[in-house]
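Below: start_0.csv (CSV, C-alpha atoms)
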chain,number,residue,atom,x,y,z
H,1,MET,CA,36.8,-110.2,-29.5
H,2,GLN,CA,35.4,-109.1,-26.1
H,3,PHE,CA,37.5,-108.0,-23.1
H,4,PRO,CA,38.2,-108.8,-20.4
H,5,PHE,CA,39.7,-112.0,-21.7
H,6,TYR,CA,39.4,-114.9,-19.3
H,7,VAL,CA,42.7,-116.7,-18.9
H,8,CYS,CA,42.1,-119.3,-16.2
H,9,GLU,CA,40.4,-119.9,-12.8
H,10,LEU,CA,42.7,-119.3,-9.8
H,11,THR,CA,42.9,-121.1,-6.6
H,12,LYS,CA,42.9,-119.1,-3.3
H,13,GLU,CA,46.7,-119.6,-3.1
H,14,GLN,CA,47.2,-118.5,-6.7
H,15,LYS,CA,45.1,-115.4,-6.2
H,16,GLU,CA,47.2,-114.5,-3.1
H,17,ILE,CA,50.4,-115.0,-5.1
H,18,PHE,CA,49.1,-112.7,-7.8
H,19,SER,CA,48.0,-110.1,-5.3
H,20,ASN,CA,51.1,-110.2,-3.1
H,21,HIS,CA,53.8,-110.5,-5.8
H,22,PHE,CA,52.5,-109.2,-9.1
H,23,VAL,CA,50.0,-106.4,-8.8
H,24,GLU,CA,51.0,-102.8,-8.7
H,25,ASN,CA,49.4,-99.8,-7.1
H,26,ASP,CA,46.3,-99.9,-9.2
H,27,ASN,CA,45.6,-103.6,-8.6
H,28,ARG,CA,46.9,-104.6,-12.0
H,29,PHE,CA,49.8,-106.5,-13.3
H,30,TYR,CA,51.3,-105.0,-16.4
H,31,PHE,CA,53.1,-107.6,-18.6
H,32,GLU,CA,55.4,-106.0,-21.1
H,33,GLY,CA,57.7,-107.0,-23.9
H,34,ILE,CA,59.8,-105.0,-26.3
H,35,TRP,CA,62.0,-106.2,-29.2
H,36,PHE,CA,64.0,-104.2,-31.7
H,37,ARG,CA,65.0,-105.8,-34.9
H,38,ASN,CA,67.0,-104.0,-37.6
H,39,GLN,CA,69.0,-105.1,-40.7
H,40,ARG,CA,72.6,-104.2,-40.0
H,41,GLN,CA,76.0,-105.3,-41.0
H,42,GLU,CA,76.7,-106.5,-37.4
H,43,ASN,CA,73.7,-108.9,-37.5
H,44,LYS,CA,73.6,-109.9,-41.2
H,45,LYS,CA,73.3,-113.6,-40.5
H,46,ALA,CA,70.1,-113.2,-38.5
H,47,SER,CA,68.7,-110.2,-40.4
H,48,GLY,CA,69.6,-110.9,-44.0
H,49,TYR,CA,71.4,-107.6,-44.4
H,50,VAL,CA,73.3,-107.3,-47.7
H,51,ASP,CA,74.2,-103.7,-48.1
H,52,GLU,CA,72.8,-100.2,-47.6
H,53,THR,CA,69.8,-101.0,-49.7
H,54,THR,CA,68.6,-103.6,-47.2
H,55,GLN,CA,67.5,-101.7,-44.1
H,56,ASN,CA,64.3,-103.4,-42.8
H,57,ARG,CA,63.2,-102.4,-39.3
H,58,ARG,CA,60.6,-104.0,-37.1
H,59,TYR,CA,59.9,-103.0,-33.5
H,60,ILE,CA,57.4,-104.9,-31.4
H,61,GLN,CA,55.9,-104.0,-28.1
H,62,PHE,CA,53.1,-105.4,-26.0
H,63,TYR,CA,51.7,-104.0,-22.8
H,64,ASP,CA,48.9,-106.0,-21.3
H,65,ALA,CA,47.0,-105.3,-18.1
H,66,TYR,CA,46.0,-108.3,-16.0
H,67,GLU,CA,43.5,-108.4,-13.1
H,68,THR,CA,41.5,-110.9,-11.1
H,69,ILE,CA,37.7,-111.0,-11.3
H,70,ASN,CA,35.4,-112.8,-8.9
H,71,GLU,CA,32.3,-114.3,-10.3
H,72,ALA,CA,29.9,-116.6,-8.5
H,73,GLY,CA,32.4,-117.2,-5.8
H,74,LYS,CA,35.2,-118.1,-8.2
H,75,ASP,CA,38.4,-116.1,-9.0
H,76,TYR,CA,39.6,-115.7,-12.5
H,77,LEU,CA,42.8,-114.2,-14.0
H,78,VAL,CA,41.8,-111.9,-16.9
H,79,ILE,CA,43.5,-109.7,-19.4
H,80,LYS,CA,41.6,-106.5,-18.7
H,81,ASP,CA,43.3,-104.4,-21.4
H,82,SER,CA,45.7,-105.2,-24.2
H,83,PHE,CA,48.1,-103.2,-26.4
H,84,VAL,CA,50.1,-104.8,-29.2
H,85,TYR,CA,52.2,-102.5,-31.4
H,86,VAL,CA,54.3,-103.3,-34.5
H,87,SER,CA,56.2,-100.7,-36.4
H,88,ASN,CA,57.5,-101.8,-39.8
H,89,THR,CA,59.9,-100.0,-42.1
H,90,LEU,CA,60.2,-101.9,-45.3
H,91,LYS,CA,60.5,-101.3,-49.0
H,92,LYS,CA,57.3,-99.6,-50.3
H,93,GLU,CA,56.1,-102.5,-52.3
H,94,GLU,CA,56.6,-104.8,-49.3
H,95,THR,CA,54.8,-102.4,-47.0
H,96,LEU,CA,51.8,-102.2,-49.4
H,97,GLU,CA,51.7,-106.1,-49.6
H,98,TYR,CA,51.8,-106.2,-45.8
H,99,LYS,CA,49.0,-103.6,-45.4
H,100,ASN,CA,46.8,-105.4,-47.9
H,101,LYS,CA,47.2,-108.7,-46.1
H,102,ILE,CA,46.0,-107.0,-42.9
H,103,LEU,CA,43.1,-105.3,-44.6
H,104,ASN,CA,42.0,-108.7,-46.1
H,105,SER,CA,42.1,-110.2,-42.6
H,106,LEU,CA,40.0,-107.4,-41.2
H,107,ASN,CA,37.4,-107.9,-43.8
H,108,LYS,CA,37.4,-111.7,-43.4
H,109,ALA,CA,37.0,-111.3,-39.6
H,110,ASN,CA,34.1,-108.8,-40.0
H,111,PHE,CA,35.8,-105.8,-38.3
H,112,ILE,CA,33.8,-102.7,-38.6
H,113,LYS,CA,35.5,-99.7,-40.3
H,114,LEU,CA,35.3,-96.7,-38.0
H,115,SER,CA,37.3,-94.4,-40.3
H,116,GLU,CA,40.2,-94.7,-42.7
H,117,ASN,CA,42.6,-97.2,-41.3
H,118,HIS,CA,40.7,-97.7,-38.0
H,119,PHE,CA,38.7,-100.8,-37.4
H,120,LYS,CA,36.8,-102.4,-34.5
H,121,ASN,CA,35.3,-105.7,-33.4
H,122,ASP,CA,33.6,-105.6,-30.0
H,123,ASN,CA,36.1,-103.7,-27.9
H,124,LEU,CA,39.2,-104.7,-29.8
H,125,GLU,CA,40.5,-102.1,-32.2
H,126,VAL,CA,43.1,-102.1,-35.0
H,127,GLU,CA,44.7,-98.9,-36.2
H,128,LEU,CA,47.1,-98.5,-39.2
H,129,LYS,CA,49.3,-95.5,-39.5
H,130,GLU,CA,51.3,-94.9,-42.7
H,131,TYR,CA,54.4,-92.7,-43.0
H,132,ASP,CA,56.6,-91.9,-45.9
H,133,VAL,CA,59.1,-90.8,-43.2
H,134,HIS,CA,58.3,-92.0,-39.7
H,135,PRO,CA,58.1,-89.1,-37.2
H,136,LYS,CA,60.4,-90.9,-34.9
H,137,ASN,CA,63.0,-91.0,-37.7
H,138,ILE,CA,62.8,-87.2,-37.9
H,139,GLU,CA,63.2,-86.9,-34.2
H,140,GLY,CA,66.2,-89.2,-34.1
H,141,ASN,CA,67.7,-87.9,-37.4
H,142,ILE,CA,67.5,-91.4,-38.8
H,143,THR,CA,67.4,-91.9,-42.6
H,144,PHE,CA,66.3,-94.8,-44.8
H,145,PRO,CA,66.6,-95.3,-48.6
H,146,THR,CA,64.0,-93.3,-50.5
H,147,ASN,CA,62.2,-96.5,-51.6
H,148,TYR,CA,61.4,-97.3,-47.9
H,149,CYS,CA,58.3,-96.3,-45.9
H,150,SER,CA,56.7,-97.2,-42.6
H,151,LEU,CA,53.5,-98.7,-41.4
H,152,ASP,CA,52.6,-98.9,-37.7
H,153,VAL,CA,49.9,-101.3,-36.6
H,154,ILE,CA,48.3,-101.0,-33.2
H,155,VAL,CA,45.9,-103.6,-31.8
H,156,HIS,CA,44.4,-102.4,-28.5
H,157,THR,CA,41.3,-102.5,-26.4
H,158,SER,CA,39.1,-99.4,-26.6
H,159,ASN,CA,40.5,-96.4,-24.8
H,160,TYR,CA,43.7,-98.2,-23.9
H,161,LEU,CA,46.3,-96.3,-26.0
H,162,CYS,CA,49.5,-96.6,-23.9
H,163,LYS,CA,51.1,-93.4,-25.4
H,164,GLU,CA,53.5,-92.9,-22.5
H,165,GLU,CA,54.7,-96.5,-22.7
H,166,ASN,CA,55.0,-96.4,-26.4
H,167,ASP,CA,57.0,-93.2,-26.3
H,168,ARG,CA,59.3,-95.0,-23.8
H,169,MET,CA,59.8,-97.8,-26.2
H,170,TRP,CA,61.0,-95.4,-28.8
H,171,THR,CA,63.3,-93.8,-26.3
H,172,LEU,CA,64.8,-97.2,-25.4
H,173,SER,CA,65.3,-98.0,-29.1
H,174,THR,CA,68.0,-95.4,-29.1
H,175,LYS,CA,69.8,-96.7,-26.0
H,176,MET,CA,71.0,-100.0,-27.1
H,177,PHE,CA,71.9,-102.2,-30.1
H,178,ARG,CA,72.8,-105.6,-28.8
H,179,GLN,CA,75.6,-107.3,-30.6
H,180,LEU,CA,76.6,-110.9,-29.9
H,181,ASP,CA,79.3,-111.0,-27.2
H,182,ILE,CA,82.7,-112.4,-28.0
H,183,ARG,CA,83.5,-115.7,-26.3
H,184,GLU,CA,87.0,-116.0,-24.9
H,185,ASN,CA,88.6,-118.9,-22.9
H,186,PRO,CA,86.8,-119.5,-19.7
H,187,THR,CA,87.9,-122.2,-17.2
H,188,TYR,CA,85.8,-125.3,-16.7
H,189,ILE,CA,85.7,-126.7,-13.2
H,190,LYS,CA,84.4,-130.1,-12.1
H,191,ASP,CA,84.5,-129.8,-8.3
H,192,ILE,CA,82.1,-127.4,-6.5
H,193,ASN,CA,84.7,-126.9,-3.8
H,194,GLU,CA,86.7,-124.8,-6.2
H,195,LEU,CA,84.0,-122.1,-5.6
H,196,LYS,CA,84.6,-122.0,-1.9
H,197,LYS,CA,87.0,-119.1,-2.1
H,198,TYR,CA,84.4,-117.1,-4.1
H,199,LEU,CA,81.7,-117.2,-1.4
H,200,PRO,CA,79.6,-115.4,-0.4
H,201,ALA,CA,78.2,-114.7,-3.9
H,202,GLN,CA,75.6,-112.5,-5.5
H,203,VAL,CA,73.4,-114.1,-8.1
H,204,GLU,CA,72.0,-113.5,-11.5
H,205,MET,CA,69.2,-115.8,-12.5
H,206,GLY,CA,68.7,-116.7,-16.2
H,207,CYS,CA,66.0,-118.8,-17.9
H,208,GLY,CA,67.5,-122.1,-16.8
H,209,PRO,CA,66.0,-122.2,-13.3
H,210,SER,CA,62.6,-121.1,-14.6
H,211,ILE,CA,62.5,-123.7,-17.3
H,212,ASN,CA,63.0,-126.4,-14.6
H,213,VAL,CA,59.7,-125.1,-13.1
H,214,GLY,CA,57.9,-125.5,-16.4
H,215,ILE,CA,58.0,-121.8,-17.5
H,216,PRO,CA,58.4,-121.5,-21.3
H,217,PRO,CA,61.8,-120.4,-22.5
H,218,LEU,CA,62.2,-116.9,-24.0
H,219,TYR,CA,62.4,-118.2,-27.6
H,220,GLU,CA,58.8,-119.4,-27.3
H,221,MET,CA,57.7,-115.8,-26.9
H,222,HIS,CA,59.9,-114.9,-29.8
H,223,GLU,CA,57.9,-117.3,-31.9
H,224,THR,CA,54.6,-116.0,-30.5
H,225,TYR,CA,55.3,-112.4,-31.3
H,226,LYS,CA,57.2,-113.3,-34.6
H,227,VAL,CA,60.4,-111.8,-33.4
H,228,GLN,CA,62.9,-114.4,-34.4
H,229,ASN,CA,62.8,-117.9,-35.8
H,230,HIS,CA,64.3,-120.3,-33.2
H,231,SER,CA,65.2,-123.0,-35.8
H,232,THR,CA,67.0,-120.7,-38.2
H,233,GLY,CA,67.9,-117.7,-36.0
H,234,ARG,CA,66.4,-115.4,-38.7
H,235,PHE,CA,64.4,-112.2,-37.9
H,236,TYR,CA,60.8,-112.1,-39.1
H,237,PHE,CA,60.2,-109.2,-41.6
H,238,GLY,CA,57.4,-108.4,-44.0
H,239,LYS,CA,55.5,-111.3,-45.5
H,240,GLU,CA,57.1,-113.7,-42.9
H,241,ASP,CA,55.4,-111.7,-40.2
H,242,ASP,CA,51.8,-112.9,-39.6
H,243,LEU,CA,51.4,-111.7,-36.0
H,244,ILE,CA,48.8,-109.0,-36.7
H,245,THR,CA,46.8,-111.1,-39.1
H,246,SER,CA,46.8,-114.0,-36.6
H,247,ILE,CA,45.4,-111.7,-33.9
H,248,ILE,CA,42.7,-110.5,-36.2
H,249,GLU,CA,41.6,-113.8,-37.6
H,250,ASP,CA,41.8,-115.9,-34.4
H,251,SER,CA,42.0,-113.6,-31.5
H,252,LYS,CA,41.0,-116.2,-28.9
H,253,LYS,CA,43.9,-118.5,-29.9
H,254,MET,CA,46.4,-115.7,-29.9
H,255,TYR,CA,45.4,-114.3,-26.5
H,256,GLU,CA,45.6,-117.8,-25.1
H,257,ARG,CA,49.2,-117.8,-26.4
H,258,PHE,CA,49.9,-114.3,-25.1
H,259,SER,CA,48.7,-115.2,-21.7
H,260,LYS,CA,50.5,-118.5,-21.4
H,261,VAL,CA,53.5,-117.0,-19.6
H,262,PRO,CA,51.6,-115.0,-16.9
H,263,LYS,CA,49.3,-118.0,-16.4
H,264,VAL,CA,52.2,-120.5,-15.9
H,265,ILE,CA,54.2,-118.2,-13.7
H,266,ILE,CA,51.3,-117.6,-11.3
H,267,GLN,CA,50.5,-121.3,-11.2
H,268,SER,CA,54.1,-122.4,-10.9
H,269,LYS,CA,55.5,-123.7,-7.6
H,270,PRO,CA,59.1,-123.5,-6.5
H,271,THR,CA,61.2,-126.7,-6.8
H,272,LYS,CA,63.5,-128.2,-4.2
H,273,GLY,CA,66.3,-126.3,-5.9
H,274,TYR,CA,64.6,-123.0,-5.0
H,275,ASP,CA,63.9,-124.2,-1.4
H,276,THR,CA,67.7,-125.0,-1.1
H,277,PHE,CA,68.6,-121.7,-2.6
H,278,ALA,CA,66.5,-119.8,0.0
H,279,LYS,CA,68.1,-121.8,2.9
H,280,LEU,CA,71.6,-121.0,1.6
H,281,TYR,CA,70.6,-117.4,1.2
H,282,LYS,CA,69.5,-117.2,4.8
H,283,LYS,CA,72.8,-118.8,5.8
H,284,GLY,CA,74.8,-116.1,3.9
H,285,ILE,CA,76.2,-118.3,1.1
H,286,PHE,CA,74.3,-116.0,-1.3
H,287,VAL,CA,73.9,-112.3,-0.5
H,288,GLY,CA,72.3,-109.1,-1.8
H,289,THR,CA,69.8,-108.5,-4.4
H,290,VAL,CA,69.1,-111.3,-6.9
H,291,PHE,CA,69.3,-110.0,-10.5
H,292,ASN,CA,66.6,-111.9,-12.3
H,293,ASN,CA,65.9,-112.2,-16.0
H,294,ASN,CA,62.6,-114.0,-15.3
H,295,PHE,CA,59.1,-112.7,-14.6
H,296,ASP,CA,58.1,-115.5,-12.2
H,297,ARG,CA,58.7,-113.9,-8.8
H,298,LEU,CA,59.8,-117.3,-7.4
H,299,VAL,CA,62.7,-115.8,-5.6
H,300,LYS,CA,60.6,-112.9,-4.2
H,301,ARG,CA,58.2,-115.4,-2.7
H,302,TYR,CA,60.9,-116.4,-0.2
H,303,GLY,CA,61.3,-112.8,0.9
H,304,ILE,CA,64.6,-112.4,-1.0
H,305,PRO,CA,65.1,-109.0,-2.6
H,306,GLU,CA,65.3,-109.2,-6.4
H,307,LYS,CA,65.6,-106.8,-9.4
H,308,ILE,CA,63.8,-108.0,-12.5
H,309,LEU,CA,66.0,-107.0,-15.3
H,310,ARG,CA,63.3,-107.2,-18.0
H,311,ILE,CA,61.1,-104.6,-16.4
H,312,TYR,CA,62.3,-101.6,-18.3
H,313,ASP,CA,63.5,-98.5,-16.6
H,314,LYS,CA,62.0,-95.3,-17.9
H,315,GLY,CA,65.2,-93.8,-19.2
H,316,THR,CA,67.6,-96.7,-19.9
H,317,TYR,CA,67.6,-100.1,-21.4
H,318,LEU,CA,70.7,-101.2,-19.4
H,319,PRO,CA,70.2,-100.9,-15.6
H,320,GLN,CA,73.0,-99.7,-13.4
H,321,VAL,CA,73.2,-102.1,-10.5
H,322,GLN,CA,74.8,-102.0,-7.0
H,323,PHE,CA,76.6,-105.1,-5.8
H,324,ASP,CA,76.7,-106.3,-2.3
H,325,LYS,CA,80.1,-105.3,-0.7
H,326,SER,CA,80.5,-108.7,0.9
H,327,ALA,CA,80.0,-110.6,-2.4
H,328,LYS,CA,83.2,-112.0,-3.8
H,329,SER,CA,81.6,-113.2,-7.0
H,330,LEU,CA,78.6,-113.1,-9.3
H,331,ILE,CA,77.2,-116.6,-9.9
H,332,CYS,CA,75.0,-116.8,-13.1
H,333,PHE,CA,72.5,-119.6,-13.0
H,334,GLY,CA,71.3,-120.6,-16.5
H,335,THR,CA,72.2,-117.3,-18.1
H,336,HIS,CA,73.1,-117.7,-21.7
H,337,ALA,CA,73.9,-114.1,-22.6
H,338,ASP,CA,74.6,-110.9,-20.7
H,339,ARG,CA,71.7,-109.0,-22.3
H,340,ARG,CA,71.5,-106.4,-19.5
H,341,GLN,CA,75.3,-106.3,-19.0
H,342,ILE,CA,75.2,-107.3,-15.4
H,343,GLN,CA,78.2,-109.5,-15.8
H,344,HIS,CA,80.1,-106.6,-17.5
H,345,GLN,CA,79.4,-104.4,-14.5
H,346,ALA,CA,80.4,-107.2,-12.0
H,347,ARG,CA,83.8,-107.6,-13.7
H,348,ALA,CA,84.3,-103.9,-13.5
H,349,ALA,CA,83.5,-104.2,-9.7
H,350,ASN,CA,86.2,-106.9,-9.4
H,351,LYS,CA,83.8,-109.7,-8.8
H,352,GLN,CA,84.6,-113.2,-10.1
H,353,ILE,CA,82.2,-114.4,-12.7
H,354,VAL,CA,80.9,-118.0,-12.3
H,355,PHE,CA,78.5,-119.6,-14.8
H,356,ILE,CA,76.5,-122.6,-13.6
H,357,ASP,CA,74.9,-123.9,-16.8
H,358,PRO,CA,74.7,-127.3,-18.6
H,359,GLU,CA,75.3,-125.4,-21.9
H,360,GLY,CA,72.5,-127.2,-23.6
H,361,PHE,CA,69.0,-128.6,-23.2
H,362,TYR,CA,67.0,-131.6,-24.1
H,363,ASN,CA,64.4,-131.6,-27.0
H,364,GLU,CA,62.7,-134.2,-29.1
H,365,SER,CA,66.0,-135.0,-30.8
H,366,GLY,CA,68.0,-135.4,-27.6
H,367,PHE,CA,70.5,-133.0,-26.0
H,368,GLU,CA,71.0,-129.8,-28.0
H,369,PRO,CA,74.3,-128.0,-27.2
H,370,TYR,CA,73.7,-124.3,-26.3
H,371,PRO,CA,77.1,-122.8,-25.3
H,372,ILE,CA,77.2,-119.7,-23.1
H,373,GLU,CA,77.5,-116.8,-25.5
H,374,GLY,CA,80.3,-114.5,-24.1
H,375,PRO,CA,82.3,-115.9,-21.2
H,376,LYS,CA,85.6,-114.2,-20.8
H,377,THR,CA,89.1,-115.6,-20.0
H,378,GLY,CA,89.2,-115.9,-16.2
H,379,ASP,CA,85.5,-116.7,-15.9
H,380,LEU,CA,84.5,-120.1,-14.4
H,381,ILE,CA,81.9,-122.6,-15.8
H,382,TYR,CA,80.4,-125.4,-13.8
H,383,LYS,CA,78.4,-127.5,-16.2
H,384,LYS,CA,75.4,-128.4,-14.0
H,385,THR,CA,71.7,-127.3,-13.9
H,386,PHE,CA,70.4,-125.1,-11.2
H,387,GLU,CA,68.8,-128.1,-9.5
H,388,GLU,CA,71.9,-130.2,-9.6
H,389,ALA,CA,74.1,-127.3,-8.4
H,390,MET,CA,71.8,-126.7,-5.4
H,391,ILE,CA,72.3,-130.3,-4.3
H,392,ASP,CA,76.1,-129.8,-4.5
H,393,PHE,CA,76.0,-126.4,-2.7
H,394,GLU,CA,73.8,-127.8,0.1
H,395,LYS,CA,76.1,-130.9,0.5
H,396,GLU,CA,79.4,-128.9,0.6
H,397,PHE,CA,78.6,-125.4,1.9
H,398,SER,CA,75.4,-125.5,4.1
H,399,LYS,CA,77.5,-125.6,7.3
H,400,GLU,CA,79.9,-122.8,6.2
H,401,CYS,CA,78.0,-119.9,7.8
Translate this structure into C-alpha cells?
Amino acid sequence: MQFPFYVCELTKEQKEIFSNHFVENDNRFYFEGIWFRNQRQENKKASGYVDETTQNRRYIQFYDAYETINEAGKDYLVIKDSFVYVSNTLKKEETLEYKNKILNSLNKANFIKLSENHFKNDNLEVELKEYDVHPKNIEGNITFPTNYCSLDVIVHTSNYLCKEENDRMWTLSTKMFRQLDIRENPTYIKDINELKKYLPAQVEMGCGPSINVGIPPLYEMHETYKVQNHSTGRFYFGKEDDLITSIIEDSKKMYERFSKVPKVIIQSKPTKGYDTFAKLYKKGIFVGTVFNNNFDRLVKRYGIPEKILRIYDKGTYLPQVQFDKSAKSLICFGTHADRRQIQHQARAANKQIVFIDPEGFYNESGFEPYPIEGPKTGDLIYKKTFEEAMIDFEKEFSKEC
C-alpha cells in the first residue's frame, strides 16, 4: 500500500471549501475518531458482560491526515498519513487467536518482517505490542483477571507515530464512561407556535441534518471500524473484530471506506433547510455558537460560529460550553443522545430543551422507529425533520425580528 492515498478529484469550489473550512495551520485536515468499549455490568446487553470473569476491553483510534495535491492541473484530495490503533485486552487464548489471525494476514499480503512484531508493505507499517499487563493499566491502577493479557496493533504510515495523540486517547479513556440516559416524560407538541416563547434559541445539531445532505450516519463508521454492530447493538470483540486483517488484506478497499466521510462532507452542498437556518440566524431567531456533533462544516460555511463537539479537547472528553445570554432555549435538531452532555449543561443554565426529531428513519424495510434516548420531563419534542422544521420556522417566525 503506497501513500499518499488518492481519495478523489476536487473541483475548484471543493478545494476552496477544504482550504477555507477544514485545513489547520500546517495545511492538513486531521480526521480523528476514538471509541472506548468495555465489558461492564452497566452495558451488559451490548457488551456481553456476565460477571467479573468477563472483562474484555477494546479501544479504537484513528488519526488520518488529509491534504490536497495538484497534478497535471488537477486537484486531488489525498490521505497523506494514516494512523489506526486498536488496543485489545482479552483472555489469553483469545488474544493468541487474534494475533495469529493477524500474522496469517500479514504473510498472505506479503508484508516484509522488519523485526519481531513489526511489518511493512511499501510505506504502510503494522506493529504488534504484547503485554501481560498493559502499561496504561499500571498507570491507572486498573486490574484484570490473571488470565487476561493485552495486544495493541498499530497500522501507520512510515514515521507517522502520533504518540501525543495516542497518549491523549488514553487520558480521555479515564474521563468518561457513557451510560444510556434515562428517558422520562417529555411533552410532544404539534404546533410550531408553541415554541414562540422559547425564542431566540441556541442550537445543537445532531446527525439528522447531515443525513439529509447525504452524509453517512455515525453507525456506518461504527461498522467500518468494527466498534458496534448496528443490527444487534453488540460490541465487536476478539474473533468478531476483523478490522486489522481487512486493512492488511485489502488496504485499498478499507481506505476507500475510511475516506468516505471526508470525501462526502467536502463534496456536500447545503440544502434549502440550511439556507433557511442561516437566514433565521441572521434575523436573531437562532443565536450564539452552534454546537455541532457533525464534521461537515456546513454551518460554518455561512459564517455562523460553531463548536464541533467531536473534536476532542486535550484534557476532557466532555466540553464545558458557554450559552448565549439571550437564548431562552436549546433546540436540538436530530440529536438522538446527549453524548457530550450539552443538554445537561443547558438545563443547569435554565434553558428550555426542545428536540426537533422525527424519532425514526427510513430504511429498506420502511420507517424504523428510533426514539430520542434521554429526554426529561419538561422537555419538548416536535416530531419533524430539520428540513420540515425549517419550513415551519420560516413561515411562522421569519418576521419576528
ask   = Contacts of H:Asn20 at 12 Å or less, counting all atoms listed in the file, minus same-chain residues fewer than 6 places along, as an MDAnalysis selection string?
value = chainID H and resid 13:14 27:29 266 297 300:303
key: From H:Phe111, H:Tyr63, H:Phe333, H:Phe295, residue lying nearest H:Phe277 [only C-alpha atoms]   = H:Phe333
message = Show me, as a VMD selection string, the residues that have an atom within 8 Å of H:Ile244 when counting all atoms listed in the file, minus same-chain residues fewer than 4 positions from it.
response = chain H and resid 102 153 155 248
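The smallest atom-to-atom distance between H:Ile142 and any of H:Tyr255, H:Leu318, H:Thr174, H:Ala65, using all atoms listed in the file, is found for H:Thr174.
Checking H:Ile247, H:Val261, H:Val84, H:Val213 one by one against H:Tyr160, counting all atoms listed in the file, you find the shortest gap at H:Val84.
Nearest to H:Phe18 of all the residues H:Gln345, H:Gln267, H:Asn166, H:Asn88 is H:Gln267, based on all atoms listed in the file.
Distance check against H:Asn212 using all atoms listed in the file: of H:Lys163, H:Asp122, H:Lys196, H:Glu387, the minimum falls on H:Glu387.
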query = When distances are computed from all atoms listed in the file, which of H:Asn185, H:Thr143, H:Thr289, H:Asn121 shows the smallest separation from H:His156?
reply = H:Asn121
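Counting from atom CA of H:His118, the distance to atom CA of H:Ser158 is 11.6 Å.
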